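Trainee: Before anything else, here's the structure in question.
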Amino acid sequence: MYQVTSDAVRRVLTGVSTRLWLAGVVFVAGVVVAVSLGRLTAGALRRLGAPGVVEGTAFDRTTRRFDTTAVGIVSRIVTYGSVVVAGFAALSVAGTRAATQFWTSVAEFLPSVFVALLILLVGLIVGDKVELVVAERLKGVKLPQTGVIPTTIKYSVFYVAVLVALSQVGVQTLSLVVLLAAYVVAVVVVGVVAFHTLLTSAAAGVYLLLNQPYVIGDQVRIAGHRGIVQEVDLLVTHVESDSEEYILPNALVFREGVVRVRT
Amino acid sequence: MGSLSDVSETLVADIDGLVLFSPSSGHHQQFGSLDDTPVVVVATENPFDAERFVELPLEFDDVQDRIRYGLEGAMEHGFVEEGDVVACSAATFGDDPDTPDTLVRIRVDEGMRSGVYALFAESRADPSVISDVFEVAIELGKKGQKGKPVGALFTVGDAGKVMNKSRPLSYNPFEKSHVHVGDPIVNVMLKEFSRLDGAFVISDSGKIVSAYRYLEPSAEGVDIPKGLGARHMAGGAITRDTNATAIVLSESDGLVRAFKGGGLILELDPEDY
């Protein structure tokens, strides 16, 4: 009787302890891998010049307030994610009853949460950066209303990032995608309608600039306007007669043709 | 007996305006808004959003040129009027704008209109194009071609008319090219092509239309100082026949001169920049 119980106790002890041992080893190894993975990410990001890219964005400023950097946050997310994965691996090795159906599904779900977080982060940074770049480009245009454009672009990028992140987590995003599609279609339609003449003029202007059928100083007649060509740019041609200067869209030049006057 | 501060007080007594030339931010904060005297800021850019602002196209090294330009611009904008007495604070020695070392008291009158302001602001070509060409000419005057002094003639604006009043000396090296003054490569290109004896023709928007042009204006009634050579005469004369501005770098004395409407408007020494 005593023999049987001690035997069983020993069996249980040895069985559990090897498993626990194994689980402990797996966890420690996992943590080491996680930390080095985080370091590796930070190093790779730094080498790719991420701090310079991120610099100046609103995200960068926020992270600075918390005494960290965007690179630090990304590498930390990678580290913690790997640690959690290692923890689950260790639990399953340990074979505890805790690793039931629920926890396995959580373990399967967690990586996608981390990926979604990363996507959200990248989306935030890219949105901020794009806003900065576009604002910089538009600086030359001294029109206060252009301030809307960078903000719109920024939130469009945010929206797409949120969409991708949500679909990564498995949320039904169909309605949001439909919304996005409607938005894109609206932008394209408005753009085509509003910029129709500009676009055709620009297409004609590209030909005029490349082939130069007439150059500055030529006498020409375009749609009944006769004069000396003063300037050819992408959208318009300046033709000047003695008393008047005609600014003609390049689309008109193409539709009506050009007469070069020989003198 | 006067005290030391009386010296400056007599300078600013009963002035109708204060003109700050390229003030630093501290300076601008201190004097940017006086109670009863309008303040005009003259600088290359307007970082403090000053209400009365005249843009300098070039950092005129000569303070007289700078003040003349600033006051002409202020007159043009209606910030000051003829008969006003203004005080100008500027830095004459040293480039540090934090320490304006000069206070000048000037009476504004029409006689001050030398056309320097109109040269930039009211030419056919963009002001930025004209100041770009000035910079190229100054650069060329400083360095020369392989250490030797070099001359050059640029006509800016009204390129169509200029092209019709000139003929090519040889093939145009800028044919079918899209080079604009202000592009980074331009300094080197122009330096090479300045060896060719002819004029550069630049359009209103800064496109280099042609090099190697022989200008054929009628030189009748062109009033330029005696002693200047054929290049200056051609440059001055073309500005009388067309609405172009001519910027000429002299090979003999190394000065950069600007002509408009057939007259000499501005003279700069490249060594000062």
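Residue numbering restarts at 1 in every chain; chains get A, B, ... in the order shown in the structure tokens, and ligands count up from 1 in that same order.
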Find the residues in chain A near chain B: any atom within 12 Å counts, using only C-alpha atoms. Write them as a PyMOL selection string.
Mentor: chain A and resi 206+208-220+227-234+238-242+245+263
Trainee: Mind checking which residues fall within 7 Å of Asp101 (chain B), counting only C-alpha atoms, ignoring those fewer than 6 positions away in the same chain, and posting them as a PyMOL selection string?
Mentor: chain B and resi 90-92
Trainee: With N, CA, C and O atoms retained, export the selected residues as a PDB file, in the first residue's frame.
Mentor:
ATOM      1  N   ALA B  90      19.826  99.362 -39.471  1.00  0.00           N
ATOM      2  CA  ALA B  90      20.393  98.294 -40.294  1.00  0.00           C
ATOM      3  C   ALA B  90      21.765  97.918 -39.758  1.00  0.00           C
ATOM      4  O   ALA B  90      22.300  98.577 -38.858  1.00  0.00           O
ATOM      5  N   ALA B  91      22.298  96.837 -40.282  1.00  0.00           N
ATOM      6  CA  ALA B  91      23.650  96.426 -39.919  1.00  0.00           C
ATOM      7  C   ALA B  91      24.597  96.746 -41.074  1.00  0.00           C
ATOM      8  O   ALA B  91      24.449  96.202 -42.160  1.00  0.00           O
ATOM      9  N   THR B  92      25.519  97.658 -40.853  1.00  0.00           N
ATOM     10  CA  THR B  92      26.457  98.044 -41.910  1.00  0.00           C
ATOM     11  C   THR B  92      27.678  97.151 -41.903  1.00  0.00           C
ATOM     12  O   THR B  92      28.104  96.627 -42.922  1.00  0.00           O
TER      13      THR B  92
END
Trainee: Could you give me, as a PyMOL selection string, the residues within 10 Å of region 132-140 of chain B, counting only C-alpha atoms and dropping anything in the same chain fewer than 3 positions from it?
Mentor: chain B and resi 57-58+126-129+143-145+149-156+180-183+186-188+190-191+194+202+206+246-250+254-258+268-273
Trainee: Could you pull out the residues in region 42-250 of chain A that DSSP calls strand (DSSP E) from the backbone, as an MDAnalysis selection string?
Mentor: chainID A and resid 219:222 225:232 236:240 245:249
Trainee: If we count only C-alpha atoms, what is near region 24-37 of chain A at a cut-off of 8 Å, once residues fewer than 2 positions away on the same chain are taken out, given as a PyMOL selection string?
Mentor: chain A and resi 20-22+39-41+75+78-83+85-87+89-90
